[in-house]
Amino acid sequence: LTKVWIIPYGISVILLGYLFFLSATNRVEATDGATRWLQLGGFTFQPSDFAKLAFVIFIAAFLSNLPNTYRDAGEYIRKNFRPFCISFFLIVALVLLGRNLGTAMVIAFIGLIAYGAAATTKYHKIGLMLLCGFMAVGGLIFGVYENYRADRIAVWTNYLKTGDTEILEADGTV
């Protein structure tokens, strides 16, 4: 698959972009309240699920061709870090535009774990730390960007503290 990774990756980018366009123009039907689903013919699916598979194929192909040495940081950035980041953040951003934080996080963790497992040089390790930093900041921003996500986080933290899934308001009401 190292020679044809661009096909599933390209299809996933097109499908995610198409879904975003349909959502932005209110042309997609909500399925159980979510507008992440695409209907093609009689078939309904989430393009983000296909993107997960396409990203795994991409990352396997990309990381299988990593050189073990670089002359300097500039060569590493040109030949490795920049192409990886563009491909990585393009898929994650398109999934996030489709309002699917969970799948975006899965894809991000797949990318970080695979990149970390393939890290053979000091440049790879520095790049991995940068990617982790970007993902941590992005996760915090997008985690509370939507009110319902902040509410989910509040329920989760309350459950960890009390074992209860109810959120108590300041006045003591649920």
# chains A, B, ... in the order shown; residues from 1 in each chain; ligands from 1
>>> select_by_dssp(residues="segment 5-129 of chain A", states="helix (DSSP H, G or I)", output="PyMOL selection string")
chain A and resi 6-24+47-64+73-97+101-118+122-129
>>> closest_residue(among="A:Leu97, A:Ile126, A:Val137, A:Leu16", to="Ser48 of chain A", atoms="only C-alpha atoms")
A:Leu16
>>> closest_residue(among="A:Gly10, A:Gly42, A:Gly17, A:Pro67", to="Ala119 of chain A", atoms="only C-alpha atoms")
A:Pro67
>>> closest_atom_pairs(of="segment 114-146 of chain A", to="segment 74-83 of chain A", cutoff="10 Å", atoms="only C-alpha atoms", output="CSV")
residue,atom,partner,partner_atom,distance
A:Thr121,CA,A:Tyr76,CA,9.8
A:Tyr123,CA,A:Tyr76,CA,6.8
A:His124,CA,A:Phe81,CA,8.1
A:Gly127,CA,A:Phe81,CA,6.7
A:Leu128,CA,A:Phe81,CA,9.2
A:Leu131,CA,A:Phe81,CA,9.6
>>> residues_around(residues="Leu1 of chain A", least_positions_apart="4", cutoff="12 Å", atoms="only C-alpha atoms", output="list in words")
Trp5, Ile6, Ile7, Pro8, Tyr9, Ala54, Val56, Ile57, Phe58, Ile59, Ala60, Ala61, Phe62 and Ser64 of chain A
>>> write_last_selection(atoms="all heavy atoms", output="short mmCIF file (atom, residue, chain, number, x, y, z; two decimals), in the first residue's frame")
data_model
loop_
_atom_site.label_atom_id
_atom_site.label_comp_id
_atom_site.auth_asym_id
_atom_site.auth_seq_id
_atom_site.Cartn_x
_atom_site.Cartn_y
_atom_site.Cartn_z
N TRP A 5 -1.15 4.91 -1.24
CA TRP A 5 -1.75 5.54 -0.06
C TRP A 5 -2.50 6.81 -0.42
O TRP A 5 -3.45 7.17 0.25
CB TRP A 5 -0.70 5.81 1.00
CG TRP A 5 0.30 6.88 0.61
CD1 TRP A 5 1.51 6.67 0.03
CD2 TRP A 5 0.15 8.28 0.74
NE1 TRP A 5 2.13 7.87 -0.21
CE2 TRP A 5 1.31 8.88 0.22
CE3 TRP A 5 -0.86 9.11 1.25
CZ2 TRP A 5 1.50 10.26 0.18
CZ3 TRP A 5 -0.66 10.48 1.21
CH2 TRP A 5 0.51 11.04 0.69
N ILE A 6 -2.07 7.48 -1.47
CA ILE A 6 -2.68 8.76 -1.83
C ILE A 6 -4.14 8.58 -2.26
O ILE A 6 -4.95 9.50 -2.09
CB ILE A 6 -1.85 9.46 -2.94
CG1 ILE A 6 -2.28 10.91 -3.11
CG2 ILE A 6 -1.95 8.72 -4.26
CD1 ILE A 6 -1.88 11.81 -2.00
N ILE A 7 -4.51 7.41 -2.75
CA ILE A 7 -5.89 7.20 -3.22
C ILE A 7 -6.87 7.21 -2.05
O ILE A 7 -7.80 8.03 -2.03
CB ILE A 7 -5.99 5.92 -4.07
CG1 ILE A 7 -5.17 6.10 -5.36
CG2 ILE A 7 -7.45 5.59 -4.39
CD1 ILE A 7 -4.98 4.82 -6.14
N PRO A 8 -6.72 6.35 -1.02
CA PRO A 8 -7.67 6.43 0.09
C PRO A 8 -7.56 7.76 0.86
O PRO A 8 -8.57 8.30 1.31
CB PRO A 8 -7.33 5.24 0.98
CG PRO A 8 -6.01 4.76 0.54
CD PRO A 8 -5.80 5.22 -0.86
N TYR A 9 -6.35 8.28 0.96
CA TYR A 9 -6.18 9.56 1.65
C TYR A 9 -6.91 10.67 0.89
O TYR A 9 -7.64 11.46 1.48
CB TYR A 9 -4.69 9.89 1.79
CG TYR A 9 -4.42 11.16 2.55
CD1 TYR A 9 -4.32 11.13 3.93
CD2 TYR A 9 -4.30 12.38 1.90
CE1 TYR A 9 -4.08 12.29 4.64
CE2 TYR A 9 -4.06 13.54 2.60
CZ TYR A 9 -3.96 13.49 3.97
OH TYR A 9 -3.74 14.65 4.67
N ALA A 54 -7.91 5.47 6.11
CA ALA A 54 -7.02 6.12 5.14
C ALA A 54 -5.80 6.70 5.84
O ALA A 54 -4.68 6.63 5.31
CB ALA A 54 -7.77 7.21 4.38
N VAL A 56 -4.42 5.62 8.65
CA VAL A 56 -3.55 4.51 9.06
C VAL A 56 -2.71 4.05 7.88
O VAL A 56 -1.50 3.80 8.01
CB VAL A 56 -4.37 3.35 9.66
CG1 VAL A 56 -3.54 2.09 9.80
CG2 VAL A 56 -4.95 3.76 11.01
N ILE A 57 -3.33 3.95 6.70
CA ILE A 57 -2.58 3.56 5.50
C ILE A 57 -1.52 4.61 5.18
O ILE A 57 -0.37 4.29 4.88
CB ILE A 57 -3.54 3.34 4.31
CG1 ILE A 57 -4.42 2.13 4.59
CG2 ILE A 57 -2.76 3.17 3.00
CD1 ILE A 57 -5.58 1.97 3.62
N PHE A 58 -1.91 5.90 5.25
CA PHE A 58 -0.95 6.97 4.98
C PHE A 58 0.22 6.91 5.94
O PHE A 58 1.39 6.97 5.52
CB PHE A 58 -1.62 8.35 5.09
CG PHE A 58 -0.66 9.45 5.44
CD1 PHE A 58 0.23 9.92 4.51
CD2 PHE A 58 -0.61 9.96 6.73
CE1 PHE A 58 1.15 10.91 4.83
CE2 PHE A 58 0.29 10.95 7.07
CZ PHE A 58 1.18 11.43 6.12
N ILE A 59 -0.07 6.81 7.23
CA ILE A 59 1.01 6.89 8.21
C ILE A 59 1.94 5.68 8.10
O ILE A 59 3.15 5.80 8.27
CB ILE A 59 0.48 7.11 9.64
CG1 ILE A 59 1.58 7.68 10.51
CG2 ILE A 59 -0.08 5.86 10.25
CD1 ILE A 59 1.11 8.33 11.77
N ALA A 60 1.38 4.52 7.79
CA ALA A 60 2.23 3.34 7.61
C ALA A 60 3.16 3.53 6.41
O ALA A 60 4.36 3.23 6.48
CB ALA A 60 1.37 2.10 7.42
N ALA A 61 2.61 4.06 5.32
CA ALA A 61 3.43 4.29 4.13
C ALA A 61 4.47 5.37 4.39
O ALA A 61 5.64 5.23 4.01
CB ALA A 61 2.54 4.68 2.95
N PHE A 62 4.07 6.44 5.04
CA PHE A 62 4.99 7.55 5.30
C PHE A 62 6.12 7.13 6.22
O PHE A 62 7.29 7.40 5.95
CB PHE A 62 4.22 8.73 5.90
CG PHE A 62 5.05 9.95 6.13
CD1 PHE A 62 5.27 10.85 5.10
CD2 PHE A 62 5.63 10.19 7.37
CE1 PHE A 62 6.06 11.98 5.31
CE2 PHE A 62 6.41 11.31 7.58
CZ PHE A 62 6.63 12.20 6.54
N SER A 64 7.22 4.17 6.95
CA SER A 64 8.06 3.07 6.48
C SER A 64 9.22 3.56 5.62
O SER A 64 10.17 2.83 5.39
CB SER A 64 7.23 2.04 5.71
OG SER A 64 6.78 2.60 4.49
#
>>> closest_residue(among="A:Phe134, A:Gly139, A:Met129, A:Ala118", to="Met105 of chain A", atoms="only C-alpha atoms")
A:Gly139
>>> residues_around(residues="Leu90 of chain A", least_positions_apart="4", cutoff="8 Å", atoms="only C-alpha atoms", output="PyMOL selection string")
chain A and resi 13+86+94
>>> write_last_selection(atoms="N, CA and C atoms", output="PDB file, in the first residue's frame")
ATOM      1  N   VAL A  13     -10.164  12.974   2.110  1.00  0.00           N
ATOM      2  CA  VAL A  13     -10.143  14.438   2.123  1.00  0.00           C
ATOM      3  C   VAL A  13     -11.322  14.989   1.327  1.00  0.00           C
ATOM      4  N   ILE A  86       1.417  18.566   7.565  1.00  0.00           N
ATOM      5  CA  ILE A  86       0.377  18.997   6.631  1.00  0.00           C
ATOM      6  C   ILE A  86      -0.662  17.895   6.454  1.00  0.00           C
ATOM      7  N   LEU A  94     -10.223  18.584   9.082  1.00  0.00           N
ATOM      8  CA  LEU A  94     -11.470  18.289   8.363  1.00  0.00           C
ATOM      9  C   LEU A  94     -12.439  17.504   9.234  1.00  0.00           C
TER      10      LEU A  94
END
